[in-house]
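**Q** My structure is below; once you've seen it, I'll send some questions.
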Amino acid sequence: MISETTTTSPEADAVPPPGPAPADKRVPQGAKRLLTRRDRITLAFMAGVPTVLHVALVWVTALASIALAFTSWDGIGFSSIKWVGLDNFKQLFTDNPQFWPALEHNVIWFVVLILLPTPFGLFLAVQLDKNIRFSRVYQTAFFLPVVMSLAVTGFVWQLIYNPDTGLINSLIGANKPGHYIDWIGDPKLNLWAVLIAASWRHAGYMMILYLAGLKGVDPSLREASALDGANEWQTFKNVIFPTLRPTNTVVLVVTIIESLRAFDLVYVFNKGAQGTELLSILITNNIIGESSRIGYGSAIAVVLLIISLAVIIPYLIATFRKERRA
């Protein structure tokens with residue numbers, strides 16, 4: 001009996017046998033959907049909760065303040081809300097003897113911060129950018145007031161300004177009977193005393209901003225300036241400082257915002273007594289003070305909001321234009 005032999009061609013051998021594909025060639029099931037249901041729930045929770053809190057605590061309250069600025073309300077029952085139109089703003093600009101001094105103090109706050117601690121913060125940043133020894137320790141020491149609560153900062157400086165046992169009066173010999181200097185109670189001195197404490201904190205903030213800007217300067221610019229024979233001051237003035245223009249813009253906007261939102265230090269020092277009136281203090285005193293005038297306080301808040309937006313919106317427009325060009 002002759003056995004039959006079957007020959008197969010190479011093409012036939014190349015055809016894969018029927019059945020499921022090999023395990024290494026299968027498409028993983030996880031690749032069909034990037035996120036599982038659990039991942040989506042986690043992301044929705046992480047993004048949703050902060051969004052709801054931001055909308056509720058920022059946008060809703062801001063819109064409510066704008067609406068209440070045109071009403072008269074003592075805060076007791078919604079039925080007592082009365083529409084008064086622009087009366088709150090008319091009274092604010094004409095019949096309030098505290099508004100214009102408060103606005104002037106905010107302007108003084110900005111001028112002092114931009115002229116004293118800001119250049120000092122730039123000086124500190126330039127020195128620390130030289131990679132001197134213990135630079136990390138110095139950075140921590142100068143930045144520590146920024147990390148501290150403003151309330152804690154106020155309490156510390158209250159101890160320094162204490163008429164009896166304060167450091168300043170002890171150093172200058174003004175802690176004796178009849179020779180006290182009341183740095184916080186004197187209307188001619190208290191604003192400047194608070195500004196010194198605010199400048200102490202602001203200098204560290206500016207140092208970090210400028211230090212971040214200096215780290216982004218191209219080292220080749222310094223080398224080219226040195227090859228041209230420029231000294232350290234000429235290099236900084238003609239090469240480094242012009243490259244810090246974006247940082248200077250951020251510093252200006254931050255300083256304006258800091259001067260407008262100033263509240264904590266003044267409230268801890270003397271709760272905005274005569275000589276330290278600020279717009280934020282007027283808002284607080286009218287809304288939660290003894291005579292609650294929520295509509296009138298909201299009108300002051302709207303004025304403060306408009307001033308803030310007048311600074312922030314041009315900065316945002318310039319930033320978006322720069323991003324589009326890039």
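Naming scheme: A, B, ... for chains in displayed order of the structure tokens; residues 1 onward per chain; ligands 1 onward as shown.
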Fewer than 6 positions away in the same chain doesn't count, so skip those; otherwise give me all residues within 12 Å of segment 96-100 of chain A, counting only C-alpha atoms, as a list of chain:residue names.

**A**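 My reading of the contact set: A:Asn88, A:Phe89, A:Lys90, A:Asn106, A:Val107, A:Gly272, A:Ala273, A:Gln274, A:Gly275, A:Thr276, A:Glu277, A:Leu278, A:Leu279, A:Ser280, A:Ile281, A:Leu282, A:Ile283, A:Asn285, A:Asn286, A:Tyr296, A:Gly297, A:Ala299, A:Ile300, A:Ala301, A:Val303, A:Leu304.
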
**Q** Do a neighbour search on segment 175-178 of chain A at 12 Å with only C-alpha atoms, toss out local chain neighbours closer than 3 positions, and write the hits as number ranges by chain.

**A** A: 161-172, 181-183

**Q** Using only C-alpha atoms, determine which residues lie at most 9 Å from Pro117 of chain A, disregarding the query and same-chain residues fewer than 2 positions distant; provide the list as number ranges by chain.

**A** A: 112-115, 119-122, 198-204, 206

**Q** Just N, CA and C atoms for this one: save the residues we selected as a short mmCIF file (atom, residue, chain, number, x, y, z; two decimals), in the first residue's frame.

**A**
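And here's again03.cif as it stands now:
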```cif
data_model
loop_
_atom_site.label_atom_id
_atom_site.label_comp_id
_atom_site.auth_asym_id
_atom_site.auth_seq_id
_atom_site.Cartn_x
_atom_site.Cartn_y
_atom_site.Cartn_z
N VAL A 112 4.77 103.71 49.00
CA VAL A 112 5.82 103.27 49.91
C VAL A 112 6.31 101.87 49.53
N LEU A 113 5.40 100.96 49.22
CA LEU A 113 5.81 99.61 48.86
C LEU A 113 6.62 99.57 47.57
N ILE A 114 6.29 100.42 46.62
CA ILE A 114 6.99 100.38 45.34
C ILE A 114 8.33 101.09 45.41
N LEU A 115 8.51 102.02 46.39
CA LEU A 115 9.75 102.79 46.46
C LEU A 115 10.75 102.24 47.47
N PRO A 119 12.69 97.93 45.66
CA PRO A 119 14.12 98.00 45.31
C PRO A 119 15.00 97.19 46.27
N PHE A 120 14.64 97.17 47.54
CA PHE A 120 15.43 96.38 48.48
C PHE A 120 15.32 94.88 48.18
N GLY A 121 14.14 94.43 47.79
CA GLY A 121 13.98 93.04 47.39
C GLY A 121 14.79 92.72 46.14
N LEU A 122 14.85 93.66 45.19
CA LEU A 122 15.69 93.47 44.00
C LEU A 122 17.16 93.39 44.38
N ALA A 198 4.64 96.30 57.00
CA ALA A 198 4.25 95.78 55.68
C ALA A 198 5.44 95.70 54.75
N SER A 199 6.35 96.67 54.83
CA SER A 199 7.54 96.66 53.97
C SER A 199 8.47 95.51 54.35
N TRP A 200 8.56 95.20 55.64
CA TRP A 200 9.37 94.07 56.10
C TRP A 200 8.92 92.77 55.44
N ARG A 201 7.63 92.61 55.31
CA ARG A 201 7.09 91.40 54.67
C ARG A 201 7.22 91.48 53.15
N HIS A 202 6.94 92.64 52.59
CA HIS A 202 6.91 92.80 51.13
C HIS A 202 8.28 92.61 50.50
N ALA A 203 9.34 92.97 51.22
CA ALA A 203 10.69 92.84 50.66
C ALA A 203 11.03 91.39 50.35
N GLY A 204 10.64 90.47 51.23
CA GLY A 204 10.90 89.06 50.97
C GLY A 204 10.13 88.54 49.78
N MET A 206 9.18 90.34 47.14
CA MET A 206 9.83 90.86 45.93
C MET A 206 11.15 90.16 45.65
#
```

**Q** Would you list, as a PyMOL selection string, the residues of segment 61-140 of chain A that end up in helix (DSSP H, G or I) under DSSP run on this structure's backbone?

**A** chain A and resi 61-68+78-80+87-94+99-115+117-128+135-140

**Q** Mind pulling up the distance from atom CA of Trp233 of chain A to atom CA of Val126 of chain A?

**A**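 Taking atom CA of Val126 of chain A as the start and atom CA of Trp233 of chain A as the end point, the length is 11.0 Å.
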
**Q** Tell me, in Å to one decimal, how far atom CA of Arg40 of chain A is from atom CA of Val60 of chain A.

**A** 27.1 Å
